[in-house]
Amino acid sequence: MSKKIKVGIVGFGLAGRDMHYAGLKKGLSEIVDIVAVYNRSKINRNTGFPVDNHIMIYNDYQLFLNHPGMEVVHITTSSGSHKEFICEAARNGKHVICDKPIEVTLKRIDDSIAECRNNNVVLSVSFQHRYADHLLKLKQVLNNGLLGDIVSGSVEAKLYRNNDYYMKSSWHGTLDGDGGAALMNQGIHYVDLIQWLIGSPVVEITKGIAERLIHTGIEGEDFGYGEVLFKNNAKISILSGTCFRPGIDQRIELLGTKGWVQVINSNVRMVCWDGKNQIEQFNQTTGPEQSSSSPAVELENHIKYFKSFYSALREGKNIPVPGEEARKSVEIVLGIYKAHETKAKVKIPYNIDYKPELKE
């Protein structure tokens, strides 16, 4: 059996602790060995969320990167700090898994990708919803043309976050730390899914809305909406909000020239092609569904994504969701913000230095 890959985790908040650390321990203990954790504030390994005794805890990032034998780092800090952590890791020869979104501006994303490329390390982003069983099957259905040409569709993330989620965080809902709010943080998963499923480049954002409806004390939006035109002429609407108390669901609908599909909470609920219902092609459910009112998530899809990454790394194959692929969803979200601010259509590509202001 090959030796385990030594891994470090950067940031030990919700994503680093409850998703990356927990997912690796639960599902990849025979493949990886978590050897180090970096966190800006002190971690007590025996309270709150126990950290195994053999794992070194660092408050100095350079000392963390110098940990003997460490090959991969998982970066789970605030979105707007990813670039610095990615680039320093790359300069120290570490492969990188970064939590979503990869960064909050296209310039910072491009700098991160270039640094990893220049130092011959890989950069992957954890868009784990792609690994839901029904969505993997649906991607095959679309690739095989069973729904025909996609004409139109929608994606909706009708979620809720309470005021404490924003007020007790130093970065949630801020433009520098979060890059926005409902669209860039929660909605980014579903923006990624829709562009991945359609498999065609976006050419224009035809409409954008970013508003603060009930969370008026944040810089970003708690309601976001955009209309997007793809190169294959598919017209897709995107909605994401954290204002839908107590949280409803996440939906994808696609209408093609040969069929259509409806997905609710990552499960295909209705699907048709060849003039008949094809739901028997899908299992009844794919496992636990994500809550619409809490940031807590199940680990099943995280584990499948992590396994895909580490298998590809070991075998020298193409890694899942590389930086260039993860860039696409951020470009769409920023385009929606830009369309909102300019009250005009936004052609893709646009200035990579664009940073949203989202003023009233």
# chains A, B, ... in the order shown; residues from 1 in each chain; ligands from 1
call {"tool": "select_by_dssp", "arguments": {"residues": "region 186-311 of chain A", "states": "alpha helix (DSSP H)", "output": "number ranges by chain"}}
result
A: 188-198, 300-311
call {"tool": "closest_atom_pairs", "arguments": {"of": "region 211-242 of chain A", "to": "region 311-333 of chain A", "cutoff": "10 Å", "atoms": "only C-alpha atoms", "output": "tab-separated table"}}
result
residue	atom	partner	partner_atom	distance
A:Gly224	CA	A:Val333	CA	9.2
A:Tyr225	CA	A:Val333	CA	9.5
A:Gly226	CA	A:Val333	CA	8.3
A:Glu227	CA	A:Ile332	CA	9.9
A:Val228	CA	A:Ile332	CA	8.1
A:Ile238	CA	A:Val333	CA	9.4
call {"tool": "write_last_selection", "arguments": {"atoms": "C-alpha atoms", "output": "PDB file, in the first residue's frame"}}
result
ATOM      1  CA  GLY A 224     -29.295  38.278  -5.600  1.00  0.00           C
ATOM      2  CA  TYR A 225     -30.742  37.631  -9.044  1.00  0.00           C
ATOM      3  CA  GLY A 226     -29.207  37.428 -12.494  1.00  0.00           C
ATOM      4  CA  GLU A 227     -30.071  36.436 -16.048  1.00  0.00           C
ATOM      5  CA  VAL A 228     -27.283  34.772 -18.006  1.00  0.00           C
ATOM      6  CA  ILE A 238     -30.009  32.623 -11.151  1.00  0.00           C
TER       7      ILE A 238
END
call {"tool": "residues_around", "arguments": {"residues": "region 272-286 of chain A", "least_positions_apart": "3", "cutoff": "9 Å", "atoms": "only C-alpha atoms", "output": "list in words"}}
result
Ala132, Asp133, His134, Lys137, Leu138, Leu146, Leu147, Gly148, Lys258, Gly259, Trp260, Val261, Ser266, Asn267, Val268, Arg269 and Glu289 of chain A
call {"tool": "write_last_selection", "arguments": {"atoms": "N, CA and C atoms", "output": "compact mmCIF listing (two decimals), in the first residue's frame"}}
result
# COMPACT_ATOMS: atom_id res chain seq x y z
N ALA A 132 -22.90 14.85 -5.84
CA ALA A 132 -24.17 14.21 -5.51
C ALA A 132 -24.51 13.20 -6.61
N ASP A 133 -24.97 12.03 -6.23
CA ASP A 133 -25.19 10.94 -7.18
C ASP A 133 -26.09 11.36 -8.34
N HIS A 134 -27.20 12.02 -8.03
CA HIS A 134 -28.15 12.39 -9.08
C HIS A 134 -27.55 13.41 -10.04
N LYS A 137 -25.23 11.70 -12.46
CA LYS A 137 -26.03 11.01 -13.47
C LYS A 137 -26.63 12.01 -14.46
N LEU A 138 -27.12 13.14 -13.94
CA LEU A 138 -27.71 14.16 -14.81
C LEU A 138 -26.67 14.72 -15.77
N LEU A 146 -29.52 13.68 -24.25
CA LEU A 146 -30.86 13.13 -24.11
C LEU A 146 -31.92 14.20 -23.91
N LEU A 147 -31.54 15.37 -23.39
CA LEU A 147 -32.50 16.46 -23.24
C LEU A 147 -32.44 17.41 -24.43
N GLY A 148 -31.59 17.12 -25.41
CA GLY A 148 -31.44 17.99 -26.57
C GLY A 148 -30.67 19.25 -26.24
N LYS A 258 -35.47 18.27 -26.33
CA LYS A 258 -35.91 16.87 -26.31
C LYS A 258 -36.43 16.43 -24.95
N GLY A 259 -36.30 17.28 -23.92
CA GLY A 259 -36.73 16.88 -22.60
C GLY A 259 -36.48 17.96 -21.58
N TRP A 260 -36.73 17.64 -20.32
CA TRP A 260 -36.58 18.63 -19.25
C TRP A 260 -36.31 17.90 -17.94
N VAL A 261 -35.83 18.67 -16.94
CA VAL A 261 -35.51 18.07 -15.66
C VAL A 261 -35.73 19.09 -14.55
N SER A 266 -30.49 18.72 -4.74
CA SER A 266 -29.54 17.77 -5.36
C SER A 266 -30.16 16.45 -5.77
N ASN A 267 -31.48 16.31 -5.64
CA ASN A 267 -32.16 15.09 -6.07
C ASN A 267 -33.04 15.38 -7.29
N VAL A 268 -32.88 14.58 -8.34
CA VAL A 268 -33.75 14.70 -9.50
C VAL A 268 -35.14 14.23 -9.11
N ARG A 269 -36.12 15.12 -9.21
CA ARG A 269 -37.49 14.79 -8.81
C ARG A 269 -38.39 14.51 -10.01
N GLU A 289 -29.90 15.66 2.56
CA GLU A 289 -30.00 16.91 1.82
C GLU A 289 -29.49 18.06 2.68
call {"tool": "atom_distance", "arguments": {"atom1": "CA of Val104 (chain A)", "atom2": "CA of Tyr305 (chain A)"}}
result
22.3 Å
call {"tool": "residues_around", "arguments": {"residues": "Gly220 (chain A)", "least_positions_apart": "2", "cutoff": "8 Å", "atoms": "only C-alpha atoms", "output": "list in words"}}
result
Gly173, Thr174, Leu175, Gly179, Gly180, Ala181, Ala182, Ala210, Glu211, Arg212, Ile218, Asp222 and Leu358 of chain A
call {"tool": "residues_around", "arguments": {"residues": "Tyr337 (chain A)", "least_positions_apart": "3", "cutoff": "7 Å", "atoms": "only C-alpha atoms", "output": "PyMOL selection string"}}
result
chain A and resi 208-210+333-334+340-341+356
call {"tool": "atom_distance", "arguments": {"atom1": "CA of Asp249 (chain A)", "atom2": "CA of Asp164 (chain A)"}}
result
20.9 Å
call {"tool": "residues_around", "arguments": {"residues": "Glu103 (chain A)", "least_positions_apart": "3", "cutoff": "6 Å", "atoms": "only C-alpha atoms", "output": "PDB file with N, CA and C atoms, in the first residue's frame"}}
result
ATOM      1  N   SER A  79     -12.866  34.095   2.311  1.00  0.00           N
ATOM      2  CA  SER A  79     -12.693  34.015   0.860  1.00  0.00           C
ATOM      3  C   SER A  79     -11.695  35.046   0.341  1.00  0.00           C
ATOM      4  N   GLY A  80     -11.744  36.257   0.890  1.00  0.00           N
ATOM      5  CA  GLY A  80     -10.881  37.329   0.407  1.00  0.00           C
ATOM      6  C   GLY A  80      -9.448  37.250   0.870  1.00  0.00           C
ATOM      7  N   HIS A  82      -7.805  34.138   0.500  1.00  0.00           N
ATOM      8  CA  HIS A  82      -7.297  32.908  -0.110  1.00  0.00           C
ATOM      9  C   HIS A  82      -6.016  33.128  -0.911  1.00  0.00           C
ATOM     10  N   ILE A 109      -7.804  35.775  -8.413  1.00  0.00           N
ATOM     11  CA  ILE A 109      -7.880  34.388  -8.865  1.00  0.00           C
ATOM     12  C   ILE A 109      -6.761  34.096  -9.863  1.00  0.00           C
TER      13      ILE A 109
END
call {"tool": "closest_residue", "arguments": {"among": "A:Lys347, A:His129, A:Lys4, A:Lys235", "to": "Val72 (chain A)", "atoms": "only C-alpha atoms"}}
result
A:Lys4
call {"tool": "residues_around", "arguments": {"residues": "Glu71 (chain A)", "least_positions_apart": "3", "cutoff": "8 Å", "atoms": "only C-alpha atoms", "output": "JSON, numbers by chain"}}
result
{"A": [5, 6, 7, 93, 94, 95]}
call {"tool": "select_by_dssp", "arguments": {"residues": "region 50-249 of chain A", "states": "strand (DSSP E)", "output": "PyMOL selection string"}}
result
chain A and resi 56-58+72-75+95-99+123-126+150-158+202-211+223-230+235-241
call {"tool": "atom_distance", "arguments": {"atom1": "CA of Tyr310 (chain A)", "atom2": "CA of Gln62 (chain A)"}}
result
23.9 Å
call {"tool": "closest_residue", "arguments": {"among": "A:Lys83, A:Arg245, A:Arg91, A:His67", "to": "Asp111 (chain A)", "atoms": "only C-alpha atoms"}}
result
A:Lys83
call {"tool": "closest_residue", "arguments": {"among": "A:Ser41, A:Asn233, A:Ile214, A:Gly16", "to": "Ser126 (chain A)", "atoms": "only C-alpha atoms"}}
result
A:Gly16
